[in-house]
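S.K.: The file below is upload23.tsv, TSV, C-alpha atoms:
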chain	number	residue	atom	x	y	z
A	195	MET	CA	0.00	0.00	0.00
A	196	ASN	CA	1.26	3.44	-0.96
A	197	PHE	CA	0.66	6.55	1.13
A	198	ASP	CA	-0.73	8.34	-1.91
A	199	GLU	CA	-3.54	5.77	-1.95
A	200	VAL	CA	-4.68	6.26	1.63
A	201	ARG	CA	-7.21	8.95	0.78
A	202	ARG	CA	-8.87	6.78	-1.81
A	203	ILE	CA	-8.82	3.63	0.32
A	204	TRP	CA	-10.19	5.43	3.34
A	205	ARG	CA	-12.96	7.25	1.50
A	206	GLU	CA	-14.02	4.26	-0.54
A	207	GLU	CA	-13.68	1.48	1.98
A	208	ALA	CA	-13.67	2.81	5.51
A	209	THR	CA	-17.38	3.40	5.85
A	210	GLY	CA	-17.96	1.71	9.20
A	211	ASP	CA	-20.58	-0.92	9.86
A	212	PHE	CA	-22.36	-0.21	13.11
A	213	GLY	CA	-25.48	-2.29	12.69
A	214	ARG	CA	-28.04	0.48	13.05
A	215	THR	CA	-29.22	2.99	10.47
A	216	ARG	CA	-28.30	6.66	10.53
A	217	VAL	CA	-31.88	7.65	11.41
A	218	GLU	CA	-31.95	5.20	14.33
A	219	TYR	CA	-28.74	6.65	15.73
A	220	LEU	CA	-30.08	10.15	15.25
A	221	SER	CA	-33.33	9.34	17.05
A	222	ALA	CA	-31.40	7.86	19.96
A	223	ALA	CA	-29.16	10.95	20.04
A	224	THR	CA	-32.20	13.27	20.03
A	225	ASP	CA	-33.73	11.36	22.95
A	226	ARG	CA	-30.47	11.60	24.87
A	227	VAL	CA	-30.17	15.34	24.22
A	228	ALA	CA	-33.69	15.83	25.58
A	229	LYS	CA	-32.82	13.83	28.71
A	230	LEU	CA	-29.53	15.74	29.21
A	231	ASP	CA	-31.32	19.07	28.82
A	232	ALA	CA	-33.97	18.00	31.34
A	233	LYS	CA	-31.25	16.87	33.76
A	234	ALA	CA	-29.38	20.19	33.35
A	235	ARG	CA	-32.59	22.09	34.13
A	236	ARG	CA	-33.21	19.93	37.20
A	237	MET	CA	-29.65	20.42	38.44
A	238	TRP	CA	-29.94	24.18	37.95
A	239	TRP	CA	-33.15	24.31	39.98
A	240	ILE	CA	-31.74	22.07	42.73
A	241	GLY	CA	-28.60	24.22	42.94
A	242	THR	CA	-30.57	27.45	42.99
A	243	VAL	CA	-33.00	26.20	45.66
A	244	MET	CA	-30.07	24.94	47.73
A	245	VAL	CA	-28.42	28.35	47.61
A	246	ILE	CA	-31.71	30.09	48.39
A	247	VAL	CA	-32.33	27.79	51.39
A	248	VAL	CA	-28.82	27.16	52.73
A	249	VAL	CA	-27.38	30.68	52.61
A	250	PRO	CA	-30.29	32.45	54.41
A	251	THR	CA	-30.57	29.59	56.93
A	252	THR	CA	-26.90	29.68	57.89
A	253	THR	CA	-26.92	33.48	57.92
A	254	LEU	CA	-29.97	33.46	60.23
A	255	LEU	CA	-28.26	30.91	62.46
A	256	ALA	CA	-25.16	33.08	62.58
A	257	ILE	CA	-27.18	36.17	63.53
A	258	MET	CA	-29.00	34.19	66.25
A	259	GLN	CA	-25.70	32.95	67.69
A	260	ILE	CA	-24.13	36.39	67.58
A	261	SER	CA	-27.14	37.87	69.36
A	262	ARG	CA	-26.81	35.23	72.11
A	263	GLY	CA	-23.25	36.32	72.72
A	264	TYR	CA	-21.60	32.90	72.66
A	265	LEU	CA	-18.33	33.75	71.02
A	266	VAL	CA	-17.09	30.22	70.30
A	267	ALA	CA	-20.44	29.07	68.90
A	268	THR	CA	-20.61	32.22	66.79
A	269	LEU	CA	-17.18	31.45	65.41
A	270	GLY	CA	-18.44	27.94	64.59
A	271	VAL	CA	-21.46	29.26	62.70
A	272	VAL	CA	-19.31	31.74	60.81
A	273	LEU	CA	-16.97	28.90	59.79
A	274	ILE	CA	-19.91	26.79	58.61
A	275	THR	CA	-21.41	29.73	56.69
A	276	ILE	CA	-18.16	30.60	54.93
A	277	SER	CA	-17.45	26.98	54.00
A	278	VAL	CA	-20.96	26.42	52.62
A	279	VAL	CA	-20.86	29.63	50.57
A	280	MET	CA	-17.38	28.72	49.26
A	281	LEU	CA	-18.64	25.27	48.26
A	282	ALA	CA	-21.67	26.72	46.44
A	283	ILE	CA	-19.56	29.26	44.53
A	284	ARG	CA	-16.75	26.89	43.56
A	285	TRP	CA	-19.10	24.05	42.64
A	286	ARG	CA	-21.22	26.24	40.34
A	287	ARG	CA	-18.13	27.76	38.75
A	288	LEU	CA	-16.61	24.35	37.99
A	289	ARG	CA	-19.83	22.81	36.76
A	290	GLY	CA	-20.38	25.71	34.38
A	291	ALA	CA	-16.89	25.69	32.86
A	292	VAL	CA	-17.50	23.03	30.22
A	293	PRO	CA	-15.25	23.59	27.17
A	294	ASP	CA	-17.01	24.53	23.95
A	295	PRO	CA	-16.68	21.58	21.52
A	296	THR	CA	-16.96	23.89	18.51
A	297	LEU	CA	-13.58	25.52	19.21
A	298	PRO	CA	-10.45	24.47	17.30
A	299	VAL	CA	-9.06	21.28	18.83
A	300	SER	CA	-5.95	22.92	20.32
A	301	VAL	CA	-8.06	25.62	22.02
A	302	ALA	CA	-10.63	23.10	23.27
A	303	VAL	CA	-7.90	20.82	24.64
A	304	GLU	CA	-6.30	23.80	26.39
A	305	ALA	CA	-9.66	24.66	27.96
A	306	GLN	CA	-10.11	21.05	29.00
A	307	VAL	CA	-6.67	21.04	30.64
A	308	ALA	CA	-7.56	24.23	32.55
A	309	ARG	CA	-10.82	22.64	33.65
A	310	LEU	CA	-9.11	19.45	34.83
A	311	LEU	CA	-6.52	21.51	36.67
A	312	ALA	CA	-9.31	23.40	38.43
A	313	TRP	CA	-10.98	20.09	39.37
A	314	GLU	CA	-7.68	18.74	40.65
A	315	ARG	CA	-7.14	21.82	42.83
A	316	TYR	CA	-10.73	21.62	44.04
A	317	LYS	CA	-10.41	17.98	45.05
A	318	ASN	CA	-6.97	18.41	46.61
A	319	THR	CA	-7.99	21.40	48.72
A	320	VAL	CA	-11.66	20.72	49.54
A	321	GLY	CA	-10.55	19.46	52.96
A	322	TRP	CA	-9.02	22.84	53.80
A	323	TRP	CA	-11.69	25.27	52.68
A	324	PHE	CA	-14.87	23.22	53.13
A	325	LEU	CA	-14.70	19.91	55.01
A	326	GLY	CA	-12.25	21.08	57.70
A	327	PRO	CA	-13.89	24.42	58.52
A	328	PHE	CA	-17.34	22.82	58.36
A	329	ALA	CA	-16.37	20.03	60.78
A	330	VAL	CA	-14.59	22.41	63.18
A	331	GLY	CA	-17.51	24.85	62.99
A	332	TYR	CA	-19.93	22.04	63.73
A	333	LEU	CA	-17.82	20.91	66.68
A	334	LEU	CA	-17.72	24.45	68.09
A	335	VAL	CA	-21.49	24.90	67.76
A	336	MET	CA	-22.36	21.51	69.21
A	337	THR	CA	-20.04	21.69	72.22
A	338	SER	CA	-19.64	25.31	73.24
A	339	ASP	CA	-23.34	26.05	73.00
A	340	LYS	CA	-24.15	23.36	75.55
A	341	VAL	CA	-21.45	24.45	77.97
A	342	ASP	CA	-22.45	28.05	77.83
A	343	LEU	CA	-26.10	27.35	78.54
A	344	ALA	CA	-26.05	27.90	82.31
A	345	GLY	CA	-22.94	25.72	82.76
A	346	ASN	CA	-24.56	22.41	81.87
A	347	PRO	CA	-22.23	19.55	80.96
A	348	VAL	CA	-21.55	19.05	77.28
A	349	SER	CA	-24.16	16.88	75.62
A	350	PHE	CA	-22.74	13.43	74.92
A	351	SER	CA	-24.85	12.98	71.78
A	352	GLY	CA	-23.56	16.34	70.54
A	353	VAL	CA	-19.96	15.23	70.97
A	354	ARG	CA	-20.68	11.92	69.28
A	355	LEU	CA	-22.28	13.71	66.36
A	356	SER	CA	-19.30	16.07	66.14
A	357	ILE	CA	-16.88	13.15	66.09
A	358	LEU	CA	-18.97	11.51	63.38
A	359	VAL	CA	-18.89	14.71	61.29
A	360	ILE	CA	-15.11	15.01	61.74
A	361	VAL	CA	-14.48	11.37	60.80
A	362	LEU	CA	-16.76	11.73	57.78
A	363	SER	CA	-14.95	14.92	56.74
A	364	VAL	CA	-11.54	13.26	56.97
A	365	PHE	CA	-12.83	10.33	54.94
A	366	LEU	CA	-14.32	12.59	52.26
A	367	ALA	CA	-11.12	14.65	52.08
A	368	PHE	CA	-9.15	11.42	51.62
A	369	VAL	CA	-11.49	10.19	48.88
A	370	ASN	CA	-11.28	13.53	47.05
A	371	ARG	CA	-7.48	13.62	47.18
A	372	ARG	CA	-7.33	10.02	45.99
A	373	ASP	CA	-9.68	10.90	43.12
A	374	ALA	CA	-7.49	13.85	42.16
A	375	ARG	CA	-4.35	11.70	42.21
A	376	LEU	CA	-5.69	8.59	40.46
A	377	LYS	CA	-8.33	9.94	38.08
A	378	VAL	CA	-8.02	13.66	37.36
A	379	ARG	CA	-4.22	14.07	37.29
A	380	PRO	CA	-3.54	11.24	34.76
A	381	LEU	CA	-6.19	12.68	32.45
A	382	ARG	CA	-4.74	16.16	32.74
A	383	GLU	CA	-1.21	14.93	32.13
A	384	GLU	CA	-2.32	12.96	29.09
A	385	LEU	CA	-4.04	16.02	27.63
A	386	GLU	CA	-1.05	18.21	28.48
A	387	SER	CA	1.22	15.91	26.52
A	388	TRP	CA	-1.32	16.14	23.67
A	389	LEU	CA	-1.12	19.90	23.90
A	390	ALA	CA	2.67	19.95	24.16
A	391	ASP	CA	2.82	17.76	21.08
A	392	LEU	CA	0.55	20.20	19.22
A	393	LYS	CA	2.49	23.28	20.26
A	394	ASP	CA	5.82	21.64	19.56
A	395	SER	CA	4.90	21.00	15.93
A	396	ASP	CA	3.64	24.55	15.58
A	397	LEU	CA	7.15	25.89	16.20
A	398	GLU	CA	8.72	23.86	13.46
A	399	GLY	CA	9.57	25.00	9.99
A	400	VAL	CA	7.89	24.70	6.63
A	401	SER	CA	7.22	21.20	5.45
A	402	ASP	CA	8.00	19.67	2.13
A	403	ALA	CA	5.17	17.18	2.47
A	404	ARG	CA	3.03	18.67	-0.26
B	160	MET	CA	-36.05	23.00	9.84
B	161	THR	CA	-35.33	21.33	13.20
B	162	HIS	CA	-31.84	20.63	14.48
B	163	LYS	CA	-32.46	16.96	13.83
B	164	ASP	CA	-33.22	17.68	10.16
B	165	THR	CA	-30.14	19.90	9.90
B	166	LEU	CA	-27.95	17.15	11.30
B	167	LEU	CA	-29.52	14.59	9.01
B	168	ALA	CA	-28.64	16.82	6.05
B	169	LEU	CA	-25.07	17.22	7.34
B	170	LEU	CA	-24.73	13.47	7.74
B	171	GLU	CA	-25.53	12.96	4.07
B	172	ASP	CA	-22.06	14.28	3.31
B	173	HIS	CA	-20.13	13.62	6.51
B	174	ASP	CA	-21.51	10.47	8.13
B	175	ALA	CA	-18.64	8.27	6.97
B	176	ALA	CA	-16.14	10.77	8.35
B	177	LEU	CA	-17.83	10.79	11.76
B	178	ARG	CA	-17.85	6.99	11.81
B	179	GLY	CA	-14.17	7.00	10.86
B	180	ILE	CA	-13.38	9.30	13.77
B	181	ALA	CA	-15.40	7.08	16.11
B	182	ILE	CA	-13.62	3.94	14.92
B	183	THR	CA	-10.12	5.34	15.24
B	184	TYR	CA	-10.64	7.05	18.59
B	185	ALA	CA	-12.75	4.35	20.28
B	186	GLY	CA	-11.12	2.71	23.25
B	187	ALA	CA	-12.13	-0.91	23.38
B	188	ASP	CA	-14.32	-3.47	21.74
B	189	GLY	CA	-17.77	-2.21	20.86
B	190	GLU	CA	-17.08	1.34	22.00
B	191	GLU	CA	-16.99	2.91	18.54
B	192	GLU	CA	-20.79	2.89	18.37
B	193	ASP	CA	-20.98	4.58	21.77
B	194	LEU	CA	-18.52	7.22	20.63
B	195	TYR	CA	-20.39	7.77	17.36
B	196	GLN	CA	-23.58	8.23	19.38
B	197	GLU	CA	-21.82	10.66	21.70
B	198	ILE	CA	-20.56	12.68	18.71
B	199	LEU	CA	-24.11	12.97	17.37
B	200	VAL	CA	-25.30	14.10	20.81
B	201	GLN	CA	-22.62	16.80	21.03
B	202	VAL	CA	-23.30	17.97	17.47
B	203	LEU	CA	-27.02	18.24	18.24
B	204	ARG	CA	-26.32	20.19	21.43
B	205	SER	CA	-23.90	22.53	19.64
B	206	LEU	CA	-26.08	23.17	16.58
B	207	PRO	CA	-28.03	26.07	18.14
B	208	ASN	CA	-24.69	27.93	18.50
B	209	PHE	CA	-23.57	27.35	14.91
B	210	ARG	CA	-23.27	30.82	13.34
B	211	GLY	CA	-21.91	29.78	9.97
B	212	ASN	CA	-18.56	31.53	10.52
B	213	SER	CA	-16.80	28.43	9.22
B	214	ALA	CA	-17.85	25.76	6.75
B	215	ALA	CA	-20.34	23.27	8.14
B	216	GLY	CA	-17.92	20.40	7.51
B	217	THR	CA	-15.08	22.11	9.37
B	218	TRP	CA	-17.40	22.90	12.26
B	219	LEU	CA	-18.63	19.30	12.35
B	220	TYR	CA	-15.09	17.87	12.40
B	221	ARG	CA	-14.16	20.17	15.28
B	222	VAL	CA	-17.07	18.96	17.37
B	223	ALA	CA	-16.40	15.33	16.46
B	224	ILE	CA	-12.68	15.38	17.26
B	225	ASN	CA	-13.13	17.40	20.44
B	226	THR	CA	-15.78	14.92	21.55
B	227	ALA	CA	-13.52	12.00	20.68
B	228	VAL	CA	-10.60	13.48	22.63
B	229	THR	CA	-12.78	14.15	25.69
B	230	TRP	CA	-14.49	10.80	25.36
B	231	ARG	CA	-11.16	9.01	25.29
B	232	ARG	CA	-10.39	10.68	28.60
B	233	LYS	CA	-13.41	8.92	30.09
B	234	ALA	CA	-12.45	5.59	28.54
B	235	THR	CA	-8.73	5.95	29.22
B	236	LYS	CA	-8.64	2.78	31.28
B	237	HIS	CA	-9.10	0.86	28.05
B	238	ALA	CA	-6.23	2.59	26.29
B	239	SER	CA	-3.43	0.31	27.45
B	240	ARG	CA	-5.55	-2.75	26.78
B	241	ARG	CA	-6.28	-1.54	23.25
B	242	ALA	CA	-2.64	-0.91	22.47
B	243	SER	CA	-1.68	-4.48	23.30
B	244	GLU	CA	-4.55	-6.14	21.49
B	245	PRO	CA	-4.63	-7.26	17.89
B	246	LEU	CA	-7.20	-5.42	15.81
B	247	THR	CA	-10.23	-7.67	15.81
B	248	HIS	CA	-13.09	-5.24	16.08
B	249	GLY	CA	-14.12	-1.88	14.70
B	250	VAL	CA	-12.45	-2.50	11.40
B	251	PRO	CA	-14.25	-0.50	8.74
B	252	ALA	CA	-16.59	-2.45	6.57
B	253	ALA	CA	-15.19	-3.08	3.18
B	254	SER	CA	-15.72	-5.15	0.14
B	255	GLN	CA	-14.68	-8.76	0.08
B	256	ASP	CA	-11.48	-8.20	-1.89
B	257	SER	CA	-8.00	-7.22	-0.77
B	258	GLN	CA	-9.11	-3.65	-0.04
B	259	ARG	CA	-10.62	-4.92	3.19
B	260	SER	CA	-7.24	-5.69	4.63
B	261	GLN	CA	-5.91	-2.35	3.41
B	262	ALA	CA	-8.68	-0.48	5.22
B	263	ALA	CA	-7.99	-2.58	8.31
B	264	ILE	CA	-4.28	-1.85	8.12
B	265	LEU	CA	-5.04	1.83	7.76
B	266	THR	CA	-7.30	1.80	10.81
B	267	GLU	CA	-4.67	-0.07	12.77
B	268	PHE	CA	-2.04	2.46	11.73
B	269	LEU	CA	-4.29	5.38	12.74
B	270	ARG	CA	-4.78	3.88	16.16
B	271	THR	CA	-1.06	3.65	16.73
B	272	LEU	CA	-0.55	7.37	16.08
B	273	GLY	CA	-0.48	10.01	18.81
B	274	GLY	CA	-3.59	12.16	19.23
B	275	PRO	CA	-2.65	15.19	17.09
B	276	ASP	CA	-1.12	13.07	14.29
B	277	ARG	CA	-4.18	10.89	14.23
B	278	SER	CA	-6.47	13.89	13.86
B	279	VAL	CA	-4.35	15.41	11.09
B	280	LEU	CA	-4.15	12.17	9.10
B	281	LEU	CA	-7.86	11.48	9.54
B	282	LEU	CA	-8.79	14.91	8.24
B	283	TYR	CA	-6.31	14.58	5.38
B	284	MET	CA	-7.87	11.27	4.37
B	285	GLU	CA	-11.31	12.87	4.51
B	286	GLY	CA	-10.12	15.17	1.75
B	287	LEU	CA	-9.64	18.39	3.73
B	288	SER	CA	-7.04	20.88	2.53
B	289	TYR	CA	-4.10	21.88	4.73
B	290	GLU	CA	-5.85	25.17	5.50
B	291	GLU	CA	-9.04	23.37	6.54
B	292	ILE	CA	-7.09	20.91	8.71
B	293	ALA	CA	-5.35	23.87	10.34
B	294	ASP	CA	-8.74	25.49	10.94
B	295	VAL	CA	-10.10	22.36	12.64
B	296	THR	CA	-7.08	21.54	14.76
B	297	GLY	CA	-5.82	25.04	15.58
B	298	LEU	CA	-2.38	24.19	14.15
B	299	SER	CA	-0.59	26.39	11.65
B	300	VAL	CA	-0.65	25.31	8.02
B	301	ASN	CA	3.10	24.66	8.17
B	302	ALA	CA	2.67	22.45	11.22
B	303	VAL	CA	-0.02	20.44	9.43
B	304	GLY	CA	2.38	19.89	6.54
B	305	MET	CA	5.17	18.88	8.92
B	306	ARG	CA	2.95	16.40	10.71
B	307	LEU	CA	1.75	14.82	7.50
B	308	HIS	CA	5.31	14.56	6.29
B	309	ARG	CA	6.30	12.67	9.46
B	310	VAL	CA	3.25	10.44	9.28
B	311	LYS	CA	4.00	9.68	5.66
B	312	GLN	CA	7.56	8.66	6.58
B	313	THR	CA	6.35	6.40	9.39
B	314	PHE	CA	3.70	4.89	7.14
B	315	THR	CA	6.19	4.22	4.36
B	316	GLU	CA	8.68	2.60	6.73
B	317	ARG	CA	6.01	0.34	8.14
B	318	PHE	CA	3.75	-0.60	5.24
B	319	VAL	CA	5.17	0.03	1.84
B	320	GLU	CA	7.01	-3.28	1.82
B	321	ARG	CA	3.82	-5.23	2.65
In structure tokens, write the structure found in this file.
M.R.:
Amino acid sequence: MNFDEVRRIWREEATGDFGRTRVEYLSAATDRVAKLDAKARRMWWIGTVMVIVVVPTTTLLAIMQISRGYLVATLGVVLITISVVMLAIRWRRLRGAVPDPTLPVSVAVEAQVARLLAWERYKNTVGWWFLGPFAVGYLLVMTSDKVDLAGNPVSFSGVRLSILVIVLSVFLAFVNRRDARLKVRPLREELESWLADLKDSDLEGVSDAR
Amino acid sequence: MTHKDTLLALLEDHDAALRGIAITYAGADGEEEDLYQEILVQVLRSLPNFRGNSAAGTWLYRVAINTAVTWRRKATKHASRRASEPLTHGVPAASQDSQRSQAAILTEFLRTLGGPDRSVLLLYMEGLSYEEIADVTGLSVNAVGMRLHRVKQTFTERFVER
């Protein structure tokens, strides 16, 4: 086989035999698009309702704690509020940053690398800006509030719940970091080598291939 | 005209190309149909944003290759398996004569190429000009020529004696 023949061979012979007709594939694709659009709408509503409910609730809780004058509990509520708001903002930003598939391949791959890098950072650091502060804030609210209420002993169920939240947070932080290391980073590195390969060729001289 | 009708019209000219992209970028056995389906889904979702700034074919190839590259990321676990397997599935349909093996060899060769080279050769075989390939991939025209030159050398070293 000669390289000059590849165009002809490919166009004449490489037609693909997938078993279903073009119209059947198209109908299936249309159905899937409708489902994806419906899911995107649902996710948008869920996210919006969550923000509408969670942010005012935590803010109200913070105001209530501040008005009661329990400094440690107030600090706990502030930590919870900040971590929840951070999560909402970062989650929405990452979910919305899907690369446009109509861009030139090099630009789309670059956008995909940036997106994967953002996901990697998110997963590697979620323990510091969300899970950790949330767990500590929860611990502060659950324990200090009980102590400060007329000097009663700390509620045992409150401590148990706090320990549960902390253990769960550590576990989730571990899972996220593992995900970043084993899933996201290899994908990013593979795409980066793709991109490096593209850019490398772009620096080279004029070809005599024609 | 609905988006479905528009895509159906586009497929009249470019269906074989999309199938070719699916076959050469698919990860493991039976996945080329899934990838082809995914390409159609992404094209349908992107159609409302098509402004006609580039040729429909160029636009379609961009969406298809970008989808294939992203899709491979999801199916990356199959990549090493694919590389070590003989080509037994996803070979383009061909007539019963010797051309069948040539098409199979070509598909096998495409699968051994790195991502950018594979895209450039695929688009070249689909009949796109250097300028059009550059438009799809984002490479310069010179870089497209350089890549094809390298691919041609590799191809000649490997297959011309067969």
S.K.: What residues have an atom no more than 12 Å from (-16.4, 30.6, 58.0) in the file's own frame, counting only C-alpha atoms, and can you write them as an MDAnalysis selection string?
M.R.: chainID A and resid 252:253 256 267:281 322:332 334
S.K.: Can you tell me, as JSON, the centre and edge lengths (Å, one decimal) of the axis-aligned box enclosing all of stretch 220-237 of chain A's listed atoms after padding each side by 8 Å?
M.R.:
{"center_x": -31.6, "center_y": 15.0, "center_z": 26.8, "size_x": 20.8, "size_y": 30.2, "size_z": 39.2}
S.K.: What is the distance, in Å and to one decimal place, between atom CA of B:Leu167 and atom CA of B:Glu190?
M.R.: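 Result for atom CA of B:Leu167 versus atom CA of B:Glu190: 22.3 Å, one decimal.
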S.K.: For atom CA of A:Tyr219 and atom CA of B:Asp164, determine how far apart the two atoms are, in Å to one decimal place.
M.R.: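 Atom CA of B:Asp164 lies 13.1 Å from atom CA of A:Tyr219.
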S.K.: Would you kindly return, as a list of chain:residue names, each protein, DNA or RNA residue with an atom no farther than 9 Å from any atom of B:Ser205, considering all atoms listed in the file and excluding same-chain residues fewer than 6 positions away?
M.R.: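 Within the cut-off, the hits are A:Asp294, A:Pro295, A:Thr296, B:Val222.
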S.K.: Stretch 282-288 of chain B: which residues within 8 Å, counting only C-alpha atoms, same-chain residues fewer than 3 positions away excluded, as a ChimeraX atom specification?
M.R.: /A:200-202,204-205 /B:176,278-279,291-292
S.K.: Pick the closest to chain B from A:Ala282, A:Ser300, A:Thr319, A:Ile360: which is it, counting only C-alpha atoms?
M.R.: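 The shortest atom-to-atom distance to chain B comes from A:Ser300.
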S.K.: If I take atom CA of B:Arg204 and atom CA of A:Leu297, how far is one from the other in Å, to one decimal?
M.R.: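 Value for the atom CA of B:Arg204-atom CA of A:Leu297 distance: 14.0 Å.
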S.K.: I'd like the contact shell of A:Tyr316 - 9 Å cut-off, all atoms listed in the file, skipping same-chain residues fewer than 2 positions apart - returned as number ranges by chain.
M.R.: A: 284-285, 288, 311-314, 318-320, 370, 374
S.K.: Nearest to chain A among B:Gly297, B:Leu206, B:Val303, B:Gly211, with distances taken over all atoms listed in the file: which residue is it?
M.R.: B:Gly297
S.K.: Near A:Leu376, within 12 Å and counting only C-alpha atoms, which residues show up once chain neighbours fewer than 3 positions away are dropped, as a count of residues only?
M.R.: 15
S.K.: For B:Ala227, work out the shell of residues within 12 Å, counting all atoms listed in the file and skipping chain neighbours fewer than 6 positions away, then give it as an NGL selection string.
M.R.: (:A and (295 or 299 or 302-303)) or (:B and (177-186 or 190-202 or 220-221 or 233-235 or 274-275 or 277-278))
